[in-house]
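Asker: Quick one: structure below, then a few questions.
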Amino acid sequence: MRSRPVLFAMFILAACETQPATKAPTGESAVAGTPAPALAGKSLNESAPPVDLAALRGKLVLVDFWASWCEPCRRELPELEALYRRHHAGGLEMIGVSLDEQRADAQAFLRDVIVSFPMIHDEGQALAKSWSPPKMPTLYVVDKDGQIVHVYEGEVKVADLEAEVTQRLGNG
């Protein structure tokens, strides 16, 4: 049964791109206009409490699926951290979901790229199966009612995301 995670990792790696994203040929994604699937897990920061999207109901939440081996993800995480720091006091929350096969790979990456928002490791790819991110990275915007309102497939243009976050928080 080890071949399934390897095949999934190969699919995700093939989907990791810097150009405008296109839909993956198979699978149904969590899409805008639908309730966000459940998302909970143990924090990659061993001393932090578990992460649960349901506990953030009432806030604007960005959910970012990434992996340490994905170059666009590596470039994007520091920018997402800066965005999070600018808007956290105004009500923005963020959850990072590592799709690395090994938890230690994600933890090693996060020793170099410091983020202050919660990060979880998708052990066994259960979250990826329910959310079905079509590209690496994929970022979901989840509104205060728990609805997915926007999906950014592939590397996000942070200026576009900044404008959306500002507008949705009522700051613009």
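Residue numbering restarts at 1 for every chain of the structure tokens, chains are lettered A, B, ... in their displayed order, and ligands are numbered from 1 as they appear.
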Would you please extract all strand (DSSP E or B) residues from chain A, as assigned by DSSP on the backbone, and give them as a PyMOL selection string?
Answerer: chain A and resi 16+35+40-41+43+51-52+60-66+92-98+119-121+136+138-142+147-153
Asker: So that I can see what lies close to Glu76 (chain A), please list as a ChimeraX atom specification the residues with an atom at most 8 Å from it, counting only C-alpha atoms and leaving out residues fewer than 3 positions away in the same chain.
Answerer: /A:72-73,79-80,155-156
Asker: Take the residues that were just selected and, keeping N, CA and C atoms, output them as a PDB file, in the first residue's frame.
Answerer:
```pdb
ATOM      1  N   PRO A  72       7.590  27.174  -5.583  1.00  0.00           N
ATOM      2  CA  PRO A  72       6.664  28.299  -5.392  1.00  0.00           C
ATOM      3  C   PRO A  72       6.199  28.420  -3.930  1.00  0.00           C
ATOM      4  N   CYS A  73       6.033  27.284  -3.264  1.00  0.00           N
ATOM      5  CA  CYS A  73       5.634  27.303  -1.853  1.00  0.00           C
ATOM      6  C   CYS A  73       6.727  27.962  -1.015  1.00  0.00           C
ATOM      7  N   GLU A  79       6.149  35.633   2.223  1.00  0.00           N
ATOM      8  CA  GLU A  79       5.208  36.696   1.871  1.00  0.00           C
ATOM      9  C   GLU A  79       3.878  36.520   2.612  1.00  0.00           C
ATOM     10  N   LEU A  80       3.445  35.272   2.746  1.00  0.00           N
ATOM     11  CA  LEU A  80       2.212  35.013   3.492  1.00  0.00           C
ATOM     12  C   LEU A  80       2.392  35.362   4.971  1.00  0.00           C
ATOM     13  N   GLU A 155       1.018  29.595  -7.320  1.00  0.00           N
ATOM     14  CA  GLU A 155       1.623  30.687  -6.559  1.00  0.00           C
ATOM     15  C   GLU A 155       0.730  31.922  -6.610  1.00  0.00           C
ATOM     16  N   VAL A 156       0.389  32.433  -5.459  1.00  0.00           N
ATOM     17  CA  VAL A 156      -0.529  33.564  -5.348  1.00  0.00           C
ATOM     18  C   VAL A 156       0.208  34.877  -5.589  1.00  0.00           C
TER      19      VAL A 156
END
```
Asker: Looking at A:Gln167, A:Ser43, A:Gln125, A:Ser116, which one is nearest to Asp100 (chain A), with distances taken over only C-alpha atoms?
Answerer: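 Of all the options, A:Gln125 lies closest to Asp100 (chain A).
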Asker: May I ask for the distance between CA of Phe65 (chain A) and CA of Thr138 (chain A), given in Å to one decimal place?
Answerer: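 According to the coordinates, CA of Phe65 (chain A) and CA of Thr138 (chain A) are separated by 5.3 Å.
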Asker: Please, what distance in Å, to one decimal, runs between CA of Val142 (chain A) and CA of Val61 (chain A)?
Answerer: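 Answer for the CA of Val142 (chain A) to CA of Val61 (chain A) separation: 5.1 Å.
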Asker: Which residues, written as a list in words, have at least one atom at most 12 Å from Pro35 (chain A), with only C-alpha atoms counted and residues fewer than 6 positions away on the same chain left out?
Answerer: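 Counting only the stated atoms, we get Ser29, Leu53, Ala54, Arg57, Ser130, Trp131, Tyr140, Val141, Val142, Asp143, Lys144, Asp145, Gly146, Gln147, Ile148, Val149 and His150 of chain A.
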Asker: Just asking: which residues within region 20-151 of chain A are alpha helix (DSSP H) according to DSSP, as JSON, numbers by chain?
Answerer: {"A": [71, 72, 73, 74, 75, 76, 77, 78, 79, 80, 81, 82, 83, 84, 85, 86, 87, 103, 104, 105, 106, 107, 108, 109, 110, 111, 112, 126, 127, 128, 129, 130, 131]}
Asker: Limited to C-alpha atoms, could you put the picked residues into a file as an mmCIF file, in the first residue's frame?
Answerer:
```cif
data_model
loop_
_atom_site.group_PDB
_atom_site.id
_atom_site.type_symbol
_atom_site.label_atom_id
_atom_site.label_comp_id
_atom_site.auth_asym_id
_atom_site.auth_seq_id
_atom_site.Cartn_x
_atom_site.Cartn_y
_atom_site.Cartn_z
ATOM 1 C CA GLU A 71 9.710 25.995 -5.009
ATOM 2 C CA PRO A 72 6.664 28.299 -5.392
ATOM 3 C CA CYS A 73 5.634 27.303 -1.853
ATOM 4 C CA ARG A 74 9.099 28.163 -0.558
ATOM 5 C CA ARG A 75 8.943 31.614 -2.156
ATOM 6 C CA GLU A 76 5.376 32.263 -1.062
ATOM 7 C CA LEU A 77 5.517 31.373 2.657
ATOM 8 C CA PRO A 78 7.612 34.402 3.744
ATOM 9 C CA GLU A 79 5.208 36.696 1.871
ATOM 10 C CA LEU A 80 2.212 35.013 3.492
ATOM 11 C CA GLU A 81 3.870 35.465 6.885
ATOM 12 C CA ALA A 82 4.268 39.195 6.222
ATOM 13 C CA LEU A 83 0.604 39.437 5.142
ATOM 14 C CA TYR A 84 -0.472 37.556 8.266
ATOM 15 C CA ARG A 85 1.523 39.888 10.521
ATOM 16 C CA ARG A 86 0.008 42.970 8.860
ATOM 17 C CA HIS A 87 -3.592 41.776 9.243
ATOM 18 C CA ARG A 103 6.903 15.546 9.334
ATOM 19 C CA ALA A 104 10.627 16.120 9.931
ATOM 20 C CA ASP A 105 11.025 17.605 6.421
ATOM 21 C CA ALA A 106 8.414 20.271 7.148
ATOM 22 C CA GLN A 107 9.908 20.972 10.581
ATOM 23 C CA ALA A 108 13.401 21.352 9.093
ATOM 24 C CA PHE A 109 12.100 23.804 6.477
ATOM 25 C CA LEU A 110 10.305 25.820 9.164
ATOM 26 C CA ARG A 111 13.548 26.210 11.106
ATOM 27 C CA ASP A 112 14.786 28.316 8.164
ATOM 28 C CA ALA A 126 -6.173 12.816 4.856
ATOM 29 C CA LEU A 127 -6.656 16.593 4.593
ATOM 30 C CA ALA A 128 -5.428 16.663 1.001
ATOM 31 C CA LYS A 129 -7.965 13.959 0.168
ATOM 32 C CA SER A 130 -10.868 15.968 1.599
ATOM 33 C CA TRP A 131 -9.753 19.396 0.312
#
```
Asker: Excluding region 168-170 of chain A and any residue of its chain fewer than 2 positions from it, enumerate the residues within 8 Å of it, using only C-alpha atoms, and give them as a PyMOL selection string.
Answerer: chain A and resi 60+90-92+164-166+172
Asker: Export N, CA, C and O atoms of the chosen residues as a PDB file, in the first residue's frame?
Answerer:
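As a result, selection03.pdb now contains:
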```pdb
ATOM      1  N   LEU A  60     -11.893  35.585   9.376  1.00  0.00           N
ATOM      2  CA  LEU A  60     -11.416  35.309   8.029  1.00  0.00           C
ATOM      3  C   LEU A  60     -10.166  34.444   8.157  1.00  0.00           C
ATOM      4  O   LEU A  60      -9.251  34.783   8.909  1.00  0.00           O
ATOM      5  N   GLY A  90      -6.200  42.717  12.895  1.00  0.00           N
ATOM      6  CA  GLY A  90      -7.482  43.118  12.323  1.00  0.00           C
ATOM      7  C   GLY A  90      -8.456  41.968  12.136  1.00  0.00           C
ATOM      8  O   GLY A  90      -9.555  42.171  11.618  1.00  0.00           O
ATOM      9  N   GLY A  91      -8.058  40.746  12.513  1.00  0.00           N
ATOM     10  CA  GLY A  91      -8.980  39.616  12.454  1.00  0.00           C
ATOM     11  C   GLY A  91      -8.602  38.494  11.508  1.00  0.00           C
ATOM     12  O   GLY A  91      -9.341  37.519  11.375  1.00  0.00           O
ATOM     13  N   LEU A  92      -7.455  38.575  10.837  1.00  0.00           N
ATOM     14  CA  LEU A  92      -7.042  37.515   9.917  1.00  0.00           C
ATOM     15  C   LEU A  92      -6.403  36.363  10.681  1.00  0.00           C
ATOM     16  O   LEU A  92      -5.563  36.574  11.555  1.00  0.00           O
ATOM     17  N   GLU A 164      -7.794  41.484  -1.395  1.00  0.00           N
ATOM     18  CA  GLU A 164      -8.958  40.700  -0.970  1.00  0.00           C
ATOM     19  C   GLU A 164      -9.078  40.646   0.546  1.00  0.00           C
ATOM     20  O   GLU A 164     -10.167  40.823   1.103  1.00  0.00           O
ATOM     21  N   VAL A 165      -7.981  40.415   1.232  1.00  0.00           N
ATOM     22  CA  VAL A 165      -7.999  40.359   2.696  1.00  0.00           C
ATOM     23  C   VAL A 165      -8.454  41.697   3.270  1.00  0.00           C
ATOM     24  O   VAL A 165      -9.315  41.741   4.157  1.00  0.00           O
ATOM     25  N   THR A 166      -7.910  42.785   2.758  1.00  0.00           N
ATOM     26  CA  THR A 166      -8.274  44.118   3.237  1.00  0.00           C
ATOM     27  C   THR A 166      -9.775  44.352   3.053  1.00  0.00           C
ATOM     28  O   THR A 166     -10.462  44.816   3.972  1.00  0.00           O
ATOM     29  N   GLY A 172     -11.025  48.336   3.744  1.00  0.00           N
ATOM     30  CA  GLY A 172     -10.705  48.992   2.494  1.00  0.00           C
ATOM     31  C   GLY A 172     -11.919  49.297   1.673  1.00  0.00           C
ATOM     32  O   GLY A 172     -13.031  49.107   1.946  1.00  0.00           O
TER      33      GLY A 172
END
```
